[in-house]
Every structure is written in C-alpha cells, then in structure tokens.
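J.: Pasting a structure below so you can have a look.
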Amino acid sequence: MAGGAGPSSNSRVAELAANDPIPWYRKRNLRTLYFIMFPAAIGVEWASGFDGSIMNGLQSVATWDNYFGKPRGAKLGVMSAIYSLGALSSMPITPWVNEKYGRRASVIVGSVIMCIGAVLQAASVHFGMFLLARFILGMGITYALSGGSQLVGELSYNRERPILTSAYNVCWYIGGIVAAGVTLGTFRIPTDWAWRIPSILQIVPSAFQLVFIWWLPESPRWLITQGREEQAKQILIKYHGEGEETEYVQLEYAEMVATIKMEIEADKIGWMDLVREKANLKRCALVAFIGTFSQWSGNGLVSYYLARVLETVGITDKRTQNKVNVGLNCWNLVTGIIASWAVGRTKRRHMYLWAVSVMWMTFVSWTAASAVFNVDHTNQHAAGAVVAMIFIYYGFGYNAAPLTYTYTIEIFPTMLRPKGTVVVQTFSKLAGAFNTFVNPIGLADIGWKYYIVYVVWLFIEGVVIFFTFPETSNKSLEELAFMFEGEEKELEAIQRTDAELGGHEESSIEKSTSKEEKEV
C-alpha cells in the first residue's frame with residue numbers, strides 16, 4: 001500500500017500553522033486576501049459549473065430543443081464533448097503562459113476567451129456556430145482553471161490551503177445553481193430568449209475574475225522563480241505575517257527559496273522530464289488517474305444528461321426536470337462545502353476511499369432501481385429510488401472527496417506545477433470528451449443497462465486508489481516537493497532551508513548593527 005511522504009522532521013511550516021492560535025477571520029490582511037481570492041481565483045470554477053449545468057438546463061428548454069433539431073444521441077454528445085475538445089486545444093500553451101507571465105495572466109487570458117465564447121453562444125444562429133462557441137469556451141477554461149488553482153494553492157496560509165483548494169472544486173456548484181435557476185426561470189419564455197438569456201449570462205463568472213484579479217497579488221512562488229525574491233517576501237509578510245516578519249514567514253520563505261533553487265539546479269522541468277524521470281512519471285500517473293476518475297465516476301451522466309437520465313424512469317415533465325436540477329446543485333454545494341471543511345481534518349486517502357465506496361454502492365442500487373422500473377413503468381417507488389440514489393451518490397460519494405486540485409497541487413513541485421495542472425485537466429477533458437459523447441448514445445441504445453459499466457469501473461477505481469495513492473496531508477507544499485525523489489533529497493531540502501534561515505538571521509543582525517552604529 002502507498003504510504004505517507006517524507007520524514008517527520010520535515011513538517012515545521014505545517015506545525016507552526018497548525019499551532020497558530022489566531023483564526024484567519026481575525027487577521028485583517030489574510031481575511032482581505034481570501035475575500036478577494038474568492039471571486040478572482042476560487043470563482044473560476046463558477047464558469048465551469050455554469051457551463052455544465054446550463055447544458056443540463058437547456059435540454060429541458062423546449063425552444064432550444066426545437067431550434068437545434070431535438071439533439072439526441074451522437075449529435076447531443078458532440079454538443080457537450082466539443083467543450084472538452086476546446087479545452088484540450090489550449091493545453092500545450094497554458095503552462096507556458098503560467099511560467100512566463102504568471103498565474104494571474106493565465107486567469108486573465110482564460111476569462112477574456114470565455115467572455116468571447118459566451119457572446120457567440122448567445123448569438124448562435126445555427127448548429128455550427130453553437131459548436132464553435134462551445135469550443136472557444138473550452139479553450140478559455142483551461143487557462144483560467146490552471147492559473148486560478150495555483151493562485152489559491154500558492155497564496156493561501158498553510159492551515160487553510162487544503163480547505164480552499166477543495167472549495168475551489170466545490171465552487172462548480174455555485175455556477176451550477178445560478179445556471180439551473182436561470183434556465184428554470186426562462187424555460188417558459190416562448191421565444192429563443194429562453195436559451196439565449198442563460199447563454200449570455202455565462203459571461204458573468206468570467207467578468208468577476210477580470211474585475212477582481214487586479215487586486216489579488218501574484219503567487220510568491222512564481223515571483224521567486226523570476227528572481228523577484230524581495231517582492232515575494234513582502235507578500236508573505238503582509239498576508240501571512242500581518243505586516244510582521246514572523247517565525248512562520250521566515251521559515252516559509254526559506255523553504256520556498258531553498259526548494260525552488262533545488263528544482264532550478266536539477267534542470268528537470270521540461271515536458272520530456274515528466275516522462276523521463278521516474279519521480280515525475282509517478283506524479284503524472286497519479287494525476288492522470290485523478291483527472292480520469294473525476295469524469296468517469298458516473299458524474300458525467302448527471303452533469304450533462306440529467307434530463308435524459310430522468311426520462312429513463314418516466315420523469316419527462318420539463319419543469320420537474322429543472323426543479324431536480326436546481327435542487328441537486330444546491331444539495332451538492334452544501335455537501336461539498338462540508339467536505340471541503342473536512343479536508344483540513346481528514347487524511348486524503350481516507351476521503352478518496354470513502355467516496356469511491358459510496359459511489360459504487362449507490363450505483364449498484366441506482367442500477368437495480370432502474371431495472372425494476374424498466375419491468376414495471378408504473379412503479380413510482382423505483383423511480384423515486386433512482387432520484388434518491390442520485391442525491392446520495394453526490395452528497396456522500398462524489399462530493400465527499402473534493403481533492404482534484406488539492407492533490408494535484410500537493411503532488412507537483414513549484415516549477416512543474418503549471419504542467420501538473422494541465423496534465424490533470426488533459427486527462428479530465430479527454431475522459432470528459434469521450435464520456436459526454438458516449439453517454440447519450442449508451443442511454444439511448446441500452447437504457448439502464450448502461451449503468452453497469454460504471455458499477456464495474458468504480459470498483460476498478462477503488463483498487464487503483466487503495467494501492468497507488470500516497471498520503472499528503474499535514475505538510476506544506478515545499479515539504480511535499482521531493483516526496484517521490486526519496487529521503488536523501490528531502491533531507492537536503494531541510495538542510496538548505498536551515499542554511500537560508502541562517503543567512504537571513506545573519507543579514508538581520510548586520511542590518512540591526514548597522515542601524516545602531518548610525519544612531520550612535
């Protein structure tokens with residue numbers, strides 16, 4: 001079984017943060033940072049959630065359904081999958097933008113592209129234009145997700161970091177609730193505005209990022225990679241030390257400088273180094289699993305095709321379908337927030353194993369209830385059981401481990417993190433593109449029997465997680481930087497951190513002595 005990471009002595013930053021008696025909401029600067037971070041970076045997932053839920057909602061809007069010729073099967077699959085294909089097209093460039101111009105620049109580029117895509121979708125006059133708009137929306141989300149997730153992980157105080165990076169995932173449902181609510185409110189409009197209004201409102205989440213990103217500081221880790229150490233240090237002093245160079249800030253800064261210097265000296269940060277180096281290959285394999293599992297755990301059925309799933313158990317009323325969509329997104333937000341809070345207090349492996357176990361059990365029950373309804377279409381208990389299983393699946397299964405970006409950011413060191421976030425997105429979008437194309441075909445051709453595929457797959461996921469996923473909780477990002485390189489490398493990082501601290505103390509003494517001499 002995969003074990004924990006690193007020697008216990010290498011947990012000083014995490015220990016100082018854990019023992020800090022002052023909560024974040026009583027720290028003025030840190031509180032301000034988080035309030036700005038929410039719309040500027042964490043809120044990137046609003047856009048992704050808005051898109052996912054809007055495609056669900058639009059399928060229940062009669063004017064949209066008629067305008068595009070009642071898309072079903074492969075045609076509906078293409079309309080959903082094209083978003084993932086757009087995302088894949090920008091994957092090779094996204095790390096370069098992050099590395100050269102910074103995490104904030106990546107969010108800005110992505111948000112601008114998504115605004116363009118939203119306008120085009122709202123103005124669509126035929127099937128091809130709608131597809132182009134969705135492709136452009138997909139292109140933009142890659143930049144925004146990569147930059148946003150890194151800003152959250154690299155700016156947060158260590159104690160709140162896992163909670164905030166998990167909340168980043170959960171914010172998908174904020175966009176989902178808004179989109180579901182908007183489509184519920186407009187679906188009765190007898191004109192094309194029933195679907196054009198929700199489409200143009202996709203611009204709102206990206207607009208939030210473009211407004212607030214200018215007040216969010218750049219990642220101090222990225223600044224250090226650019227040789228701007230003093231600027232990085234001042235950010236840490238302001239937000240993590242409340243204007244003072246505390247012991248925590250000194251140690252955190254020393255760890256960052258020492259670890260990033262080691263990464264730069266190793267000069268193994270190119271694309272080919274991801275597959276040449278054994279340690280990096282392990283990282284890539286893990287995030288490949290994470291990205292794939294985030295889409296192939298059955299959630300794609302509900303995220304994009306809830307209306308079709310409900311039709312398999314006789315729920316065909318459009319208003320009822322929209323109500324279920326709104327209710328499910330609200331339920332997901334509440335349970336996701338609770339799970340995000342639990343991330344700071346629970347081991348990562350435990351959360352993953354619990355989640356996949358619940359998902360497997362609910363899918364077995366979901367499949368059985370659907371089979372019963374297929375035999376007797378008047379059995380409302382079976383239909384109700386399917387709806388109940390969908391809510392249990394999300395509330396106690398899928399949402400119980402909101403760790404996609406938490407785990408990815410922890411596994412990859414600073415210099416490789418932009419590529420790591422792209423690798424997880426690549427596998428997520430590839431899985432999503434395949435899934436969103438195949439799901440409607442499977443539902444149309446074999447109905448409830450298609451669920452059996454996910455019953456088998458979820459069991460495979462559980463085995464992979466149990467045997468390959470390492471524990472990463474209760475460590476700072478720098479303390480996890482060399483978790484796959486072995487203890488020798490980790491110990492070197494500790495020694496170089498101590499050397500950085502020693503140099504800082506000598507510099508402080510020299511400055512103090514010089515000041516006293518001037519006063520004399």
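Following the order of the structure tokens, chains are lettered A, B, ..., residues in each are numbered from 1, and ligands are numbered from 1.
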Would you mind listing what lies within 12 Å of Lys238 of chain A as a PyMOL selection string, with only C-alpha atoms counted and same-chain residues fewer than 4 positions away left out?
T.: chain A and resi 27-33+155+157+217+220+231-234+242-246+249
J.: Could you pull the residues within 9 Å of segment 95-102 of chain A, counting only C-alpha atoms, minus those fewer than 4 positions along the same chain, as a PyMOL selection string?
T.: chain A and resi 91+106+109+143+146-147+218-219+222-223+225-226+415-422
J.: Under the rule of at most 10 Å, produce a per-residue listing of segment 96-192 of chain A near segment 472-478 of chain A: chain, number, name, the closest pair of atoms, and the distance in Å, as JSON lines, using only C-alpha atoms.
T.:
```
{"residue": "A:Gly153", "atom": "CA", "partner": "A:Leu477", "partner_atom": "CA", "distance": 8.6}
{"residue": "A:Glu154", "atom": "CA", "partner": "A:Leu477", "partner_atom": "CA", "distance": 8.3}
{"residue": "A:Tyr157", "atom": "CA", "partner": "A:Ser476", "partner_atom": "CA", "distance": 9.6}
{"residue": "A:Asn158", "atom": "CA", "partner": "A:Ser476", "partner_atom": "CA", "distance": 6.3}
{"residue": "A:Arg159", "atom": "CA", "partner": "A:Asn474", "partner_atom": "CA", "distance": 8.6}
{"residue": "A:Arg161", "atom": "CA", "partner": "A:Ser476", "partner_atom": "CA", "distance": 9.0}
{"residue": "A:Pro162", "atom": "CA", "partner": "A:Ser473", "partner_atom": "CA", "distance": 8.4}
```
J.: Taking only residues of segment 371-417 of chain A that have an atom at most 10 Å from an atom of segment 443-458 of chain A, what is each one's shortest atom pair and its distance in Å to one decimal, using only C-alpha atoms, in chain and number order, as JSON lines?
T.:
```
{"residue": "A:Ala371", "atom": "CA", "partner": "A:Trp448", "partner_atom": "CA", "distance": 6.4}
{"residue": "A:Val372", "atom": "CA", "partner": "A:Trp448", "partner_atom": "CA", "distance": 9.8}
{"residue": "A:Phe373", "atom": "CA", "partner": "A:Trp448", "partner_atom": "CA", "distance": 9.4}
{"residue": "A:Asn374", "atom": "CA", "partner": "A:Trp448", "partner_atom": "CA", "distance": 7.9}
```
J.: For Gly176 of chain A, which residue out of A:Leu480, A:Ile136, A:Ile411, A:Val302 is the nearest one, using only C-alpha atoms?
T.: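 Nearest candidate to Gly176 of chain A out of A:Leu480, A:Ile136, A:Ile411, A:Val302: A:Val302.
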J.: When you count only C-alpha atoms, which of these residues is closest to Trp64 of chain A: A:Leu251, A:Val364, A:Ile392, A:Ala122?
T.: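 Closest to Trp64 of chain A of all the choices is A:Ala122.
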J.: Could you pull out all residues of segment 280-518 of chain A with a DSSP call of alpha helix (DSSP H) and give them as number ranges by chain?
T.: A: 280-295, 299-311, 318-343, 348-375, 380-396, 404-411, 417-446, 451-468, 487-518
J.: Using only C-alpha atoms, which protein or nucleic acid residues come within 7 Å of Met256 of chain A? Drop anything in the same chain fewer than 4 positions from it, and give the result as a PDB file with C-alpha atoms, in the first residue's frame.
T.:
```
ATOM      1  CA  ARG A 221       6.472  31.131  -5.549  1.00  0.00           C
ATOM      2  CA  GLU A 252       8.032  29.566   4.848  1.00  0.00           C
ATOM      3  CA  ILE A 260      12.860  26.320  -5.856  1.00  0.00           C
ATOM      4  CA  GLU A 478       7.675  22.643  -0.071  1.00  0.00           C
TER       5      GLU A 478
END
```
J.: Can you list, as a PyMOL selection string, every protein, DNA or RNA residue that comes within 8 Å of Ser80 of chain A when you count only C-alpha atoms, leaving out same-chain residues fewer than 2 positions away?
T.: chain A and resi 55+76-78+82-84+304+433+436-437
J.: Take the residues from that selection and put them in a file with all heavy atoms, as a short mmCIF file (atom, residue, chain, number, x, y, z; two decimals), in the first residue's frame.
T.:
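And here's part-v5.cif as it stands now:
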```
data_model
loop_
_atom_site.label_atom_id
_atom_site.label_comp_id
_atom_site.auth_asym_id
_atom_site.auth_seq_id
_atom_site.Cartn_x
_atom_site.Cartn_y
_atom_site.Cartn_z
N MET A 55 -25.92 23.28 -19.88
CA MET A 55 -26.21 22.27 -20.89
C MET A 55 -27.28 21.31 -20.39
O MET A 55 -28.10 20.81 -21.16
CB MET A 55 -24.93 21.50 -21.26
CG MET A 55 -24.03 22.27 -22.21
SD MET A 55 -24.87 22.83 -23.71
CE MET A 55 -25.31 21.27 -24.47
N LEU A 76 -26.15 15.18 -29.68
CA LEU A 76 -26.10 15.77 -28.35
C LEU A 76 -24.74 15.56 -27.72
O LEU A 76 -24.19 16.44 -27.05
CB LEU A 76 -27.19 15.16 -27.46
CG LEU A 76 -27.28 15.68 -26.02
CD1 LEU A 76 -27.52 17.17 -25.98
CD2 LEU A 76 -28.38 14.93 -25.25
N GLY A 77 -24.15 14.38 -27.98
CA GLY A 77 -22.82 14.09 -27.45
C GLY A 77 -21.78 15.05 -27.99
O GLY A 77 -20.91 15.51 -27.25
N VAL A 78 -21.85 15.37 -29.29
CA VAL A 78 -20.91 16.30 -29.89
C VAL A 78 -21.06 17.69 -29.27
O VAL A 78 -20.07 18.38 -28.99
CB VAL A 78 -21.12 16.37 -31.42
CG1 VAL A 78 -20.35 17.53 -32.03
CG2 VAL A 78 -20.68 15.07 -32.07
N ILE A 82 -17.62 18.90 -27.41
CA ILE A 82 -16.81 19.92 -28.09
C ILE A 82 -16.17 20.88 -27.09
O ILE A 82 -15.09 21.43 -27.33
CB ILE A 82 -17.68 20.71 -29.10
CG1 ILE A 82 -16.80 21.48 -30.08
CG2 ILE A 82 -18.66 21.64 -28.40
CD1 ILE A 82 -16.08 20.61 -31.07
N TYR A 83 -16.80 21.08 -25.95
CA TYR A 83 -16.24 21.93 -24.88
C TYR A 83 -14.91 21.35 -24.39
O TYR A 83 -13.92 22.07 -24.25
CB TYR A 83 -17.25 22.02 -23.75
CG TYR A 83 -16.84 22.87 -22.57
CD1 TYR A 83 -17.00 24.25 -22.59
CD2 TYR A 83 -16.34 22.28 -21.41
CE1 TYR A 83 -16.66 25.03 -21.50
CE2 TYR A 83 -15.99 23.05 -20.31
CZ TYR A 83 -16.16 24.42 -20.37
OH TYR A 83 -15.81 25.19 -19.28
N SER A 84 -14.90 20.04 -24.17
CA SER A 84 -13.67 19.38 -23.72
C SER A 84 -12.60 19.41 -24.80
O SER A 84 -11.41 19.56 -24.50
CB SER A 84 -13.97 17.92 -23.32
OG SER A 84 -14.83 17.87 -22.20
N TYR A 304 -24.29 16.40 -17.34
CA TYR A 304 -24.66 16.86 -18.68
C TYR A 304 -25.97 16.27 -19.20
O TYR A 304 -26.58 16.83 -20.11
CB TYR A 304 -23.55 16.52 -19.68
CG TYR A 304 -22.36 17.45 -19.58
CD1 TYR A 304 -21.31 17.19 -18.71
CD2 TYR A 304 -22.29 18.61 -20.35
CE1 TYR A 304 -20.24 18.05 -18.60
CE2 TYR A 304 -21.21 19.47 -20.27
CZ TYR A 304 -20.19 19.18 -19.38
OH TYR A 304 -19.12 20.04 -19.27
N ALA A 433 -14.56 14.33 -22.79
CA ALA A 433 -14.96 14.34 -24.20
C ALA A 433 -15.50 12.98 -24.61
O ALA A 433 -16.55 12.87 -25.27
CB ALA A 433 -13.78 14.73 -25.07
N THR A 436 -18.89 12.37 -22.52
CA THR A 436 -20.05 13.15 -22.93
C THR A 436 -20.54 12.76 -24.32
O THR A 436 -21.72 12.94 -24.64
CB THR A 436 -19.73 14.66 -22.93
OG1 THR A 436 -18.53 14.90 -23.65
CG2 THR A 436 -19.58 15.18 -21.51
N PHE A 437 -19.65 12.19 -25.13
CA PHE A 437 -20.07 11.71 -26.44
C PHE A 437 -20.75 10.34 -26.34
O PHE A 437 -21.76 10.08 -26.98
CB PHE A 437 -18.88 11.62 -27.39
CG PHE A 437 -19.23 11.14 -28.77
CD1 PHE A 437 -19.89 11.97 -29.67
CD2 PHE A 437 -18.93 9.85 -29.17
CE1 PHE A 437 -20.23 11.54 -30.93
CE2 PHE A 437 -19.27 9.40 -30.43
CZ PHE A 437 -19.92 10.24 -31.32
#
```
J.: Measuring atom to atom with only C-alpha atoms, identify which of A:Val386, A:Leu430, A:Ala14, A:Ala258 is nearest to Leu491 of chain A.
T.: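 Smallest distance to Leu491 of chain A is found for A:Ala258.
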J.: By how many Å are atom CA of Gln425 of chain A and atom CA of Gln202 of chain A apart?
T.: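 Separation between atom CA of Gln425 of chain A and atom CA of Gln202 of chain A: 20.7 Å.
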J.: Using only C-alpha atoms, which residue out of A:Leu333, A:Val182, A:Ile200, A:Val313 lies closest to His381 of chain A?
T.: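 Comparing A:Leu333, A:Val182, A:Ile200, A:Val313 against His381 of chain A, the winner is A:Val313.
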J.: Nearest to Ile189 of chain A among A:Val61, A:Val204, A:Ala368, A:Ala40, with distances taken over only C-alpha atoms: which residue is it?
T.: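 Closest to Ile189 of chain A of all the choices is A:Val61.
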J.: What is the distance, in Å and to one decimal place, between atom CA of Asn399 of chain A and atom CA of Met483 of chain A?
T.: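 Atom-to-atom, atom CA of Asn399 of chain A to atom CA of Met483 of chain A, that is 26.9 Å.
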J.: In terms of the shortest atom-to-atom distance over only C-alpha atoms, which of A:Thr362, A:Gly314, A:Ala401, A:Gln209 is closest to Ala382 of chain A?
T.: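 Nearest candidate to Ala382 of chain A out of A:Thr362, A:Gly314, A:Ala401, A:Gln209: A:Gly314.
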J.: Excluding same-chain residues fewer than 3 positions from Ala167 of chain A, what lies within 7 Å of it counting only C-alpha atoms, as a ChimeraX atom specification?
T.: /A:163-164,170-171,337,340
J.: Please produce a file of the residues just selected, as a PDB file, in the first residue's frame, where the atoms kept are all heavy atoms.
T.:
```pdb
ATOM      1  N   ILE A 163      -8.269  23.374   2.539  1.00  0.00           N
ATOM      2  CA  ILE A 163      -9.702  23.694   2.567  1.00  0.00           C
ATOM      3  C   ILE A 163     -10.067  24.553   1.364  1.00  0.00           C
ATOM      4  O   ILE A 163     -11.072  24.304   0.682  1.00  0.00           O
ATOM      5  CB  ILE A 163     -10.065  24.420   3.879  1.00  0.00           C
ATOM      6  CG1 ILE A 163      -9.778  23.514   5.085  1.00  0.00           C
ATOM      7  CG2 ILE A 163     -11.529  24.857   3.872  1.00  0.00           C
ATOM      8  CD1 ILE A 163      -9.926  24.217   6.423  1.00  0.00           C
ATOM      9  N   LEU A 164      -9.239  25.549   1.063  1.00  0.00           N
ATOM     10  CA  LEU A 164      -9.541  26.467  -0.028  1.00  0.00           C
ATOM     11  C   LEU A 164      -9.367  25.817  -1.401  1.00  0.00           C
ATOM     12  O   LEU A 164     -10.158  26.070  -2.314  1.00  0.00           O
ATOM     13  CB  LEU A 164      -8.662  27.715   0.077  1.00  0.00           C
ATOM     14  CG  LEU A 164      -8.985  28.634   1.262  1.00  0.00           C
ATOM     15  CD1 LEU A 164      -7.957  29.753   1.377  1.00  0.00           C
ATOM     16  CD2 LEU A 164     -10.385  29.223   1.114  1.00  0.00           C
ATOM     17  N   VAL A 170     -15.509  22.802  -5.284  1.00  0.00           N
ATOM     18  CA  VAL A 170     -16.919  22.878  -4.909  1.00  0.00           C
ATOM     19  C   VAL A 170     -17.621  24.071  -5.549  1.00  0.00           C
ATOM     20  O   VAL A 170     -18.831  24.036  -5.780  1.00  0.00           O
ATOM     21  CB  VAL A 170     -17.048  22.935  -3.368  1.00  0.00           C
ATOM     22  CG1 VAL A 170     -18.484  23.154  -2.930  1.00  0.00           C
ATOM     23  CG2 VAL A 170     -16.510  21.640  -2.759  1.00  0.00           C
ATOM     24  N   CYS A 171     -16.865  25.127  -5.866  1.00  0.00           N
ATOM     25  CA  CYS A 171     -17.465  26.321  -6.458  1.00  0.00           C
ATOM     26  C   CYS A 171     -18.096  26.043  -7.815  1.00  0.00           C
ATOM     27  O   CYS A 171     -18.833  26.878  -8.344  1.00  0.00           O
ATOM     28  CB  CYS A 171     -16.422  27.438  -6.572  1.00  0.00           C
ATOM     29  SG  CYS A 171     -16.222  28.353  -5.044  1.00  0.00           S
ATOM     30  N   ILE A 337     -19.259  21.928   0.488  1.00  0.00           N
ATOM     31  CA  ILE A 337     -18.647  22.845   1.454  1.00  0.00           C
ATOM     32  C   ILE A 337     -18.283  22.097   2.737  1.00  0.00           C
ATOM     33  O   ILE A 337     -17.198  22.290   3.306  1.00  0.00           O
ATOM     34  CB  ILE A 337     -19.597  24.017   1.754  1.00  0.00           C
ATOM     35  CG1 ILE A 337     -19.688  24.951   0.549  1.00  0.00           C
ATOM     36  CG2 ILE A 337     -19.126  24.803   2.978  1.00  0.00           C
ATOM     37  CD1 ILE A 337     -20.724  26.039   0.675  1.00  0.00           C
ATOM     38  N   SER A 340     -15.226  20.097   2.043  1.00  0.00           N
ATOM     39  CA  SER A 340     -14.034  20.961   1.954  1.00  0.00           C
ATOM     40  C   SER A 340     -13.520  21.306   3.342  1.00  0.00           C
ATOM     41  O   SER A 340     -12.303  21.315   3.580  1.00  0.00           O
ATOM     42  CB  SER A 340     -14.378  22.255   1.197  1.00  0.00           C
ATOM     43  OG  SER A 340     -14.734  21.968  -0.121  1.00  0.00           O
TER      44      SER A 340
END
```
J.: Need to verify the contact set: Gly384 of chain A, 9 Å, only C-alpha atoms, exclusion of same-chain residues closer than 4 positions in sequence. Can you return it as a list of chain:residue names?
T.: A:Val313, A:Ala369, A:Asn379, A:Gln380, A:Ala388, A:Met389
J.: Would you export the selected residues with all heavy atoms as a compact mmCIF listing (two decimals), in the first residue's frame, please?
T.:
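Output file again.txt is given in full below:
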```
# COMPACT_ATOMS: atom_id res chain seq x y z
N VAL A 313 -36.64 6.88 -16.13
CA VAL A 313 -37.55 6.42 -15.07
C VAL A 313 -38.88 7.18 -15.13
O VAL A 313 -39.58 7.33 -14.12
CB VAL A 313 -36.91 6.56 -13.66
CG1 VAL A 313 -35.81 5.53 -13.48
CG2 VAL A 313 -36.38 7.97 -13.43
N ALA A 369 -32.69 -0.19 -9.17
CA ALA A 369 -33.96 0.52 -9.19
C ALA A 369 -34.40 0.81 -10.62
O ALA A 369 -35.60 0.72 -10.95
CB ALA A 369 -33.86 1.82 -8.39
N ASN A 379 -44.21 1.66 -11.43
CA ASN A 379 -43.58 1.57 -10.11
C ASN A 379 -42.91 2.89 -9.76
O ASN A 379 -41.75 3.13 -10.10
CB ASN A 379 -42.55 0.43 -10.10
CG ASN A 379 -42.09 0.09 -8.69
OD1 ASN A 379 -42.02 0.95 -7.81
ND2 ASN A 379 -41.77 -1.18 -8.47
N GLN A 380 -43.65 3.75 -9.08
CA GLN A 380 -43.12 5.06 -8.71
C GLN A 380 -42.08 4.98 -7.60
O GLN A 380 -41.26 5.88 -7.45
CB GLN A 380 -44.27 5.99 -8.29
CG GLN A 380 -45.23 6.32 -9.43
CD GLN A 380 -44.50 6.93 -10.61
OE1 GLN A 380 -43.78 7.93 -10.47
NE2 GLN A 380 -44.68 6.34 -11.80
N ALA A 388 -33.41 9.44 -5.48
CA ALA A 388 -32.76 9.43 -4.16
C ALA A 388 -31.30 8.99 -4.27
O ALA A 388 -30.41 9.56 -3.63
CB ALA A 388 -33.52 8.50 -3.21
N MET A 389 -31.04 7.98 -5.11
CA MET A 389 -29.68 7.48 -5.27
C MET A 389 -28.77 8.55 -5.90
O MET A 389 -27.58 8.63 -5.57
CB MET A 389 -29.67 6.22 -6.15
CG MET A 389 -30.15 4.96 -5.45
SD MET A 389 -29.22 4.59 -3.94
CE MET A 389 -30.48 4.90 -2.71
```
